[in-house]
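Scroll down for the structure; my scribbles are underneath it.
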Amino acid sequence: MAAAALWRLRRAFTAAFSSAAAAAGPGRPEKLTVRRQAEGVRNIILNNPRRRNALSLSMLQSLREDLLHDVKSKDLRVIIISAEGPVFCSGHDLKELSSEDDVKHHSQVFEMCAEVMTLIQKLPVPVIAKVNGLATAAGCQLVASCDIAVASEKSQFATPGVNIGLFCSTPAVALGRSLPRKVALEMLFTGEPLSAQEALMHGLVSKVVPEDKLEEETMKISQKICESSKSVLALGKATFYRQMAQDLDTAYKMTTQVMVDNLTLRDGQEGIEAFIQKRKPVWSHSQDKKK
C-alpha cells in the first residue's frame, strides 16, 4: 500500500482513538474494547491490559457488539482485532470461573465465548488478528478463529489450562482446525508455548514481522482487501468455511454452483468486463444481480 494511504489510515485511527478516550471522561471506567474505523478498516482493540485483556463475560459481550456494529454497511470492508499492553489476550478471567460463581454463570461465559468465535467466521468481512505479545488459552483460540493472523516476532501462543486443572477443550476446537493434530495436542497436553516462528510454520498465523513493522503489514493486507468487492468477498468467505466441512465431491458440487451464482452478481460481471476493457472495476459492493 502507498505510504500516503498508510499515513491517512494511521492519522484517522489516532484521531478516533483520542475521541473515544475523551468521550469516556474523567472518572468513567474505560471501555473494555475500543472500536475505531477509517477508510473501510475497523480496528477493535482489547482494552483491559491491567487484566491481561482477559475474556471476561463483559469483554466478550463488548467484543461481540463491536464485531456486529453496522456490519452490513458498505463502508466496512475488513476488521482488525488488536490489543493494548504486552499481552494480546490471556484467555478467560479465572476469577469468573471460581466456585464463587454458579454453574449458570460458567455456562454463560463459555457459551458467549463460543458465540463470538463462531461469529468471526460468519461475518461478511475478513477478520485479522494483529498480535503483539502473548496469546493464551481462549486468547489463542481467538487468534485461531480469525481469518488471517499477523504476529510480531516476540509473540507467543499457548494453551496452558491443563497446568491449572482446566483443560482447554473449547480452544481445542479452533486449534484443531488450524494446526496439525499432533502439534495441537502437544500444546494442549503440555501447555508449552509456540514461538511466533513455530506458529507460522504450523499455520496458526499468516505472517510474522518485526514489532515495528506489525501495523504497516496489517494495514497493507487490509488495504489490499479493501480494493475488492465486499459482496464477492462475503460470498467467497462463507463458501470457504462451508466447503471445509464437506467431503471432496460435495465440496466441489457446492462450490461449482457458487461460481455460477458469483457470475450473476453485478460485481461478478463488472470485474470481468473491467478486466477485458483493461480498466479498474467500479464495485457496487451489493448483492444485486446483473440485469
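Labels for the C-alpha cells follow display order: chains A, B, ..., residues from 1 in each chain, ligands from 1.
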
Inset, instruction - Give the helix (DSSP H, G or I) residues of segment 15-264 of chain A, as DSSP finds them on the backbone, and put them as a ChimeraX atom specification. - result: /A:15-24,49-51,57-68,94-97,103-122,138-145,160-164,169-176,181-190,196-202,211-226,230-244,248-264

Just to be explicit: take each residue in the selection above, keep C-alpha atoms, and write the result as a short mmCIF file (atom, residue, chain, number, x, y, z; two decimals), in the first residue's frame.
data_model
loop_
_atom_site.label_atom_id
_atom_site.label_comp_id
_atom_site.auth_asym_id
_atom_site.auth_seq_id
_atom_site.Cartn_x
_atom_site.Cartn_y
_atom_site.Cartn_z
CA ALA A 15 -7.98 10.77 15.95
CA ALA A 16 -10.77 8.25 16.52
CA PHE A 17 -8.94 6.72 19.49
CA SER A 18 -8.37 10.15 21.07
CA SER A 19 -12.06 10.98 20.64
CA ALA A 20 -13.09 7.74 22.29
CA ALA A 21 -10.79 8.40 25.23
CA ALA A 22 -12.14 11.92 25.61
CA ALA A 23 -15.71 10.65 25.48
CA ALA A 24 -15.04 8.36 28.41
CA PRO A 49 -4.26 -4.53 29.87
CA ARG A 50 -4.38 -4.49 33.69
CA ARG A 51 -6.30 -7.78 33.47
CA LEU A 57 -18.13 -12.16 30.08
CA SER A 58 -18.22 -8.36 29.84
CA MET A 59 -15.21 -8.30 27.49
CA LEU A 60 -16.79 -10.95 25.26
CA GLN A 61 -20.07 -9.02 25.14
CA SER A 62 -18.23 -5.82 24.24
CA LEU A 63 -16.23 -7.60 21.53
CA ARG A 64 -19.41 -9.12 20.11
CA GLU A 65 -21.08 -5.70 19.99
CA ASP A 66 -18.12 -4.16 18.17
CA LEU A 67 -17.95 -7.01 15.65
CA LEU A 68 -21.64 -6.72 14.81
CA LEU A 94 -10.28 -17.19 36.06
CA LYS A 95 -11.96 -15.17 38.81
CA GLU A 96 -15.22 -15.69 36.92
CA LEU A 97 -14.67 -19.44 36.87
CA VAL A 103 -22.78 -23.22 37.03
CA LYS A 104 -25.23 -20.96 35.20
CA HIS A 105 -22.67 -18.13 35.09
CA HIS A 106 -19.92 -20.51 33.96
CA SER A 107 -22.18 -21.68 31.14
CA GLN A 108 -22.87 -18.09 30.11
CA VAL A 109 -19.14 -17.39 29.84
CA PHE A 110 -18.36 -20.40 27.66
CA GLU A 111 -21.49 -20.03 25.54
CA MET A 112 -20.74 -16.37 24.85
CA CYS A 113 -17.15 -17.25 24.00
CA ALA A 114 -18.28 -19.92 21.53
CA GLU A 115 -20.73 -17.46 20.01
CA VAL A 116 -18.03 -14.83 19.47
CA MET A 117 -15.57 -17.33 17.98
CA THR A 118 -18.11 -18.72 15.51
CA LEU A 119 -19.40 -15.22 14.75
CA ILE A 120 -15.97 -14.20 13.45
CA GLN A 121 -16.16 -16.78 10.68
CA LYS A 122 -19.79 -15.91 9.89
CA ALA A 138 -9.11 -18.56 24.83
CA GLY A 139 -6.80 -15.78 23.62
CA CYS A 140 -5.03 -18.33 21.44
CA GLN A 141 -8.48 -19.55 20.41
CA LEU A 142 -9.34 -16.01 19.32
CA VAL A 143 -6.26 -15.87 17.07
CA ALA A 144 -7.05 -19.29 15.59
CA SER A 145 -10.65 -18.23 14.92
CA PRO A 160 -1.78 -23.87 29.44
CA GLY A 161 -5.13 -24.78 31.00
CA VAL A 162 -4.01 -28.35 31.74
CA ASN A 163 -1.46 -26.96 34.19
CA ILE A 164 -4.18 -25.43 36.39
CA SER A 169 -11.36 -28.01 25.46
CA THR A 170 -13.05 -25.07 23.74
CA PRO A 171 -9.76 -23.56 22.47
CA ALA A 172 -9.01 -27.04 21.11
CA VAL A 173 -11.90 -26.64 18.66
CA ALA A 174 -10.21 -23.70 16.91
CA LEU A 175 -6.67 -25.06 17.35
CA GLY A 176 -7.62 -28.45 15.92
CA ARG A 181 -3.33 -32.68 15.12
CA LYS A 182 -0.08 -33.66 16.80
CA VAL A 183 1.07 -30.06 17.15
CA ALA A 184 -2.28 -29.03 18.63
CA LEU A 185 -2.31 -31.94 21.05
CA GLU A 186 1.24 -31.25 22.24
CA MET A 187 0.19 -27.69 23.02
CA LEU A 188 -2.94 -28.91 24.82
CA PHE A 189 -1.23 -31.73 26.75
CA THR A 190 1.85 -29.78 27.90
CA ALA A 196 5.85 -16.81 16.56
CA GLN A 197 8.00 -18.61 14.01
CA GLU A 198 6.70 -22.01 15.14
CA ALA A 199 3.15 -20.68 14.91
CA LEU A 200 3.88 -19.53 11.35
CA MET A 201 5.47 -22.84 10.40
CA HIS A 202 2.43 -24.80 11.60
CA GLU A 211 7.36 -5.45 16.00
CA ASP A 212 7.95 -2.09 14.34
CA LYS A 213 6.51 -3.43 11.06
CA LEU A 214 3.39 -5.03 12.56
CA GLU A 215 1.00 -2.16 11.95
CA GLU A 216 2.33 -1.49 8.48
CA GLU A 217 1.98 -5.11 7.38
CA THR A 218 -1.50 -5.47 8.84
CA MET A 219 -2.62 -2.26 7.15
CA LYS A 220 -1.09 -3.42 3.87
CA ILE A 221 -3.20 -6.58 3.94
CA SER A 222 -6.28 -4.62 4.98
CA GLN A 223 -5.91 -2.09 2.18
CA LYS A 224 -5.50 -4.86 -0.38
CA ILE A 225 -8.75 -6.42 0.86
CA CYS A 226 -10.47 -3.04 0.58
CA LYS A 230 -17.39 -6.64 -0.42
CA SER A 231 -20.20 -8.80 -1.83
CA VAL A 232 -17.78 -11.09 -3.68
CA LEU A 233 -15.55 -11.42 -0.61
CA ALA A 234 -18.56 -12.18 1.58
CA LEU A 235 -19.68 -14.93 -0.80
CA GLY A 236 -16.16 -16.33 -1.00
CA LYS A 237 -15.58 -16.34 2.75
CA ALA A 238 -18.91 -18.02 3.53
CA THR A 239 -18.30 -20.62 0.82
CA PHE A 240 -14.78 -21.37 2.02
CA TYR A 241 -15.93 -22.29 5.53
CA ARG A 242 -18.96 -24.24 4.24
CA GLN A 243 -16.92 -26.39 1.86
CA MET A 244 -14.31 -27.16 4.53
CA LEU A 248 -14.45 -33.68 -1.54
CA ASP A 249 -17.24 -34.48 -4.00
CA THR A 250 -19.85 -32.49 -2.08
CA ALA A 251 -17.45 -29.56 -1.74
CA TYR A 252 -16.84 -29.42 -5.49
CA LYS A 253 -20.56 -29.73 -6.26
CA MET A 254 -21.39 -26.91 -3.87
CA THR A 255 -18.59 -24.58 -4.98
CA THR A 256 -19.37 -25.20 -8.66
CA GLN A 257 -22.83 -23.76 -8.06
CA VAL A 258 -21.35 -20.86 -6.09
CA MET A 259 -19.09 -19.98 -9.02
CA VAL A 260 -22.16 -19.84 -11.25
CA ASP A 261 -24.00 -17.73 -8.66
CA ASN A 262 -20.98 -15.41 -8.40
CA LEU A 263 -21.22 -14.71 -12.12
CA THR A 264 -24.80 -13.49 -11.70
#

Excluding segment 130-136 of chain A and its own-chain neighbours fewer than 2 positions away, which residues fall within 6 Å of it when counting only C-alpha atoms? Please give them as a short mmCIF file (atom, residue, chain, number, x, y, z; two decimals) with N, CA, C and O atoms, in the first residue's frame.
data_model
loop_
_atom_site.label_atom_id
_atom_site.label_comp_id
_atom_site.auth_asym_id
_atom_site.auth_seq_id
_atom_site.Cartn_x
_atom_site.Cartn_y
_atom_site.Cartn_z
N ILE A 81 -8.51 -7.13 14.87
CA ILE A 81 -8.58 -7.25 16.33
C ILE A 81 -7.16 -7.16 16.88
O ILE A 81 -6.29 -7.97 16.53
N SER A 82 -6.92 -6.15 17.72
CA SER A 82 -5.60 -5.95 18.32
C SER A 82 -5.79 -5.76 19.82
O SER A 82 -6.89 -5.94 20.35
N PRO A 86 1.24 -5.58 26.81
CA PRO A 86 2.18 -6.62 26.36
C PRO A 86 1.54 -7.98 26.15
O PRO A 86 2.17 -8.89 25.61
N VAL A 87 0.30 -8.16 26.62
CA VAL A 87 -0.40 -9.44 26.44
C VAL A 87 -1.57 -9.22 25.49
O VAL A 87 -2.45 -8.40 25.78
N PHE A 88 -1.59 -9.95 24.40
CA PHE A 88 -2.71 -9.83 23.45
C PHE A 88 -3.99 -10.26 24.15
O PHE A 88 -4.98 -9.51 24.18
N CYS A 89 -3.99 -11.44 24.74
CA CYS A 89 -5.16 -11.92 25.48
C CYS A 89 -4.76 -13.16 26.27
O CYS A 89 -4.20 -14.10 25.71
N SER A 90 -5.09 -13.14 27.56
CA SER A 90 -4.69 -14.24 28.45
C SER A 90 -5.75 -15.32 28.57
O SER A 90 -5.59 -16.27 29.33
N GLY A 91 -6.85 -15.21 27.81
CA GLY A 91 -7.90 -16.21 27.92
C GLY A 91 -8.99 -15.78 28.87
O GLY A 91 -9.17 -14.59 29.14
N GLY A 139 -7.47 -16.79 24.44
CA GLY A 139 -6.80 -15.78 23.62
C GLY A 139 -6.16 -16.39 22.40
O GLY A 139 -6.20 -15.82 21.30
N CYS A 140 -5.58 -17.57 22.57
CA CYS A 140 -5.03 -18.33 21.44
C CYS A 140 -6.17 -18.80 20.54
O CYS A 140 -6.05 -18.80 19.30
N VAL A 150 -1.62 -11.84 11.83
CA VAL A 150 -0.28 -11.28 11.65
C VAL A 150 0.31 -11.08 13.05
O VAL A 150 -0.34 -10.47 13.91
N ALA A 151 1.50 -11.58 13.27
CA ALA A 151 2.09 -11.53 14.61
C ALA A 151 3.47 -10.91 14.57
O ALA A 151 4.21 -11.03 13.58
N SER A 152 3.84 -10.25 15.66
CA SER A 152 5.21 -9.74 15.81
C SER A 152 6.11 -10.90 16.22
O SER A 152 5.66 -11.94 16.69
N SER A 155 5.80 -12.47 19.74
CA SER A 155 4.54 -13.09 20.17
C SER A 155 4.72 -14.58 20.48
O SER A 155 5.58 -15.25 19.89
N GLN A 156 3.89 -15.06 21.40
CA GLN A 156 3.87 -16.48 21.74
C GLN A 156 2.43 -16.94 21.89
O GLN A 156 1.53 -16.14 22.17
N PHE A 157 2.23 -18.25 21.75
CA PHE A 157 0.89 -18.82 21.74
C PHE A 157 0.88 -20.10 22.57
O PHE A 157 1.74 -20.97 22.38
N ALA A 158 -0.10 -20.20 23.49
CA ALA A 158 -0.11 -21.36 24.37
C ALA A 158 -1.53 -21.68 24.83
O ALA A 158 -2.41 -20.82 24.85
N THR A 159 -1.72 -22.94 25.22
CA THR A 159 -2.98 -23.38 25.84
C THR A 159 -2.62 -24.09 27.15
O THR A 159 -2.62 -25.32 27.23
#

Inset, instruction - Looking only at strand (DSSP E or B) from DSSP on the backbone, list the matching residues of segment 169-220 of chain A as a ChimeraX atom specification. - result: /A:194-195,207-209

Write the residues of the selection above to a file with N, CA and C atoms, as a PDB file, in the first residue's frame.
ATOM      1  N   LEU A 194       4.145 -21.968  21.737  1.00  0.00           N
ATOM      2  CA  LEU A 194       4.779 -21.893  20.429  1.00  0.00           C
ATOM      3  C   LEU A 194       5.352 -20.499  20.254  1.00  0.00           C
ATOM      4  N   SER A 195       6.534 -20.408  19.692  1.00  0.00           N
ATOM      5  CA  SER A 195       7.069 -19.110  19.307  1.00  0.00           C
ATOM      6  C   SER A 195       6.310 -18.619  18.078  1.00  0.00           C
ATOM      7  N   LYS A 207       1.521 -14.443   8.963  1.00  0.00           N
ATOM      8  CA  LYS A 207       2.798 -13.770   8.766  1.00  0.00           C
ATOM      9  C   LYS A 207       3.404 -13.417  10.116  1.00  0.00           C
ATOM     10  N   VAL A 208       4.724 -13.373  10.158  1.00  0.00           N
ATOM     11  CA  VAL A 208       5.464 -12.892  11.328  1.00  0.00           C
ATOM     12  C   VAL A 208       6.394 -11.782  10.862  1.00  0.00           C
ATOM     13  N   VAL A 209       6.337 -10.650  11.549  1.00  0.00           N
ATOM     14  CA  VAL A 209       7.130  -9.485  11.154  1.00  0.00           C
ATOM     15  C   VAL A 209       7.771  -8.867  12.395  1.00  0.00           C
TER      16      VAL A 209
END

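Interatomic distance, atom CA of Ser56 of chain A to atom CA of Asp93 of chain A: 5.1 Å.
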
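Using only C-alpha atoms for every distance, the candidate list A:Lys291, A:Lys280, A:His285, A:His92 yields A:His92 as the residue closest to Leu55 of chain A.
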
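In this structure, atom CA of Ala54 of chain A sits 10.0 Å away from atom CA of Ala137 of chain A.
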
Legend entry - Selected residue, from A:Ser98, A:Ile276, A:Ile148, A:Leu204, that lies nearest to Ser178 of chain A when counting only C-alpha atoms: A:Leu204
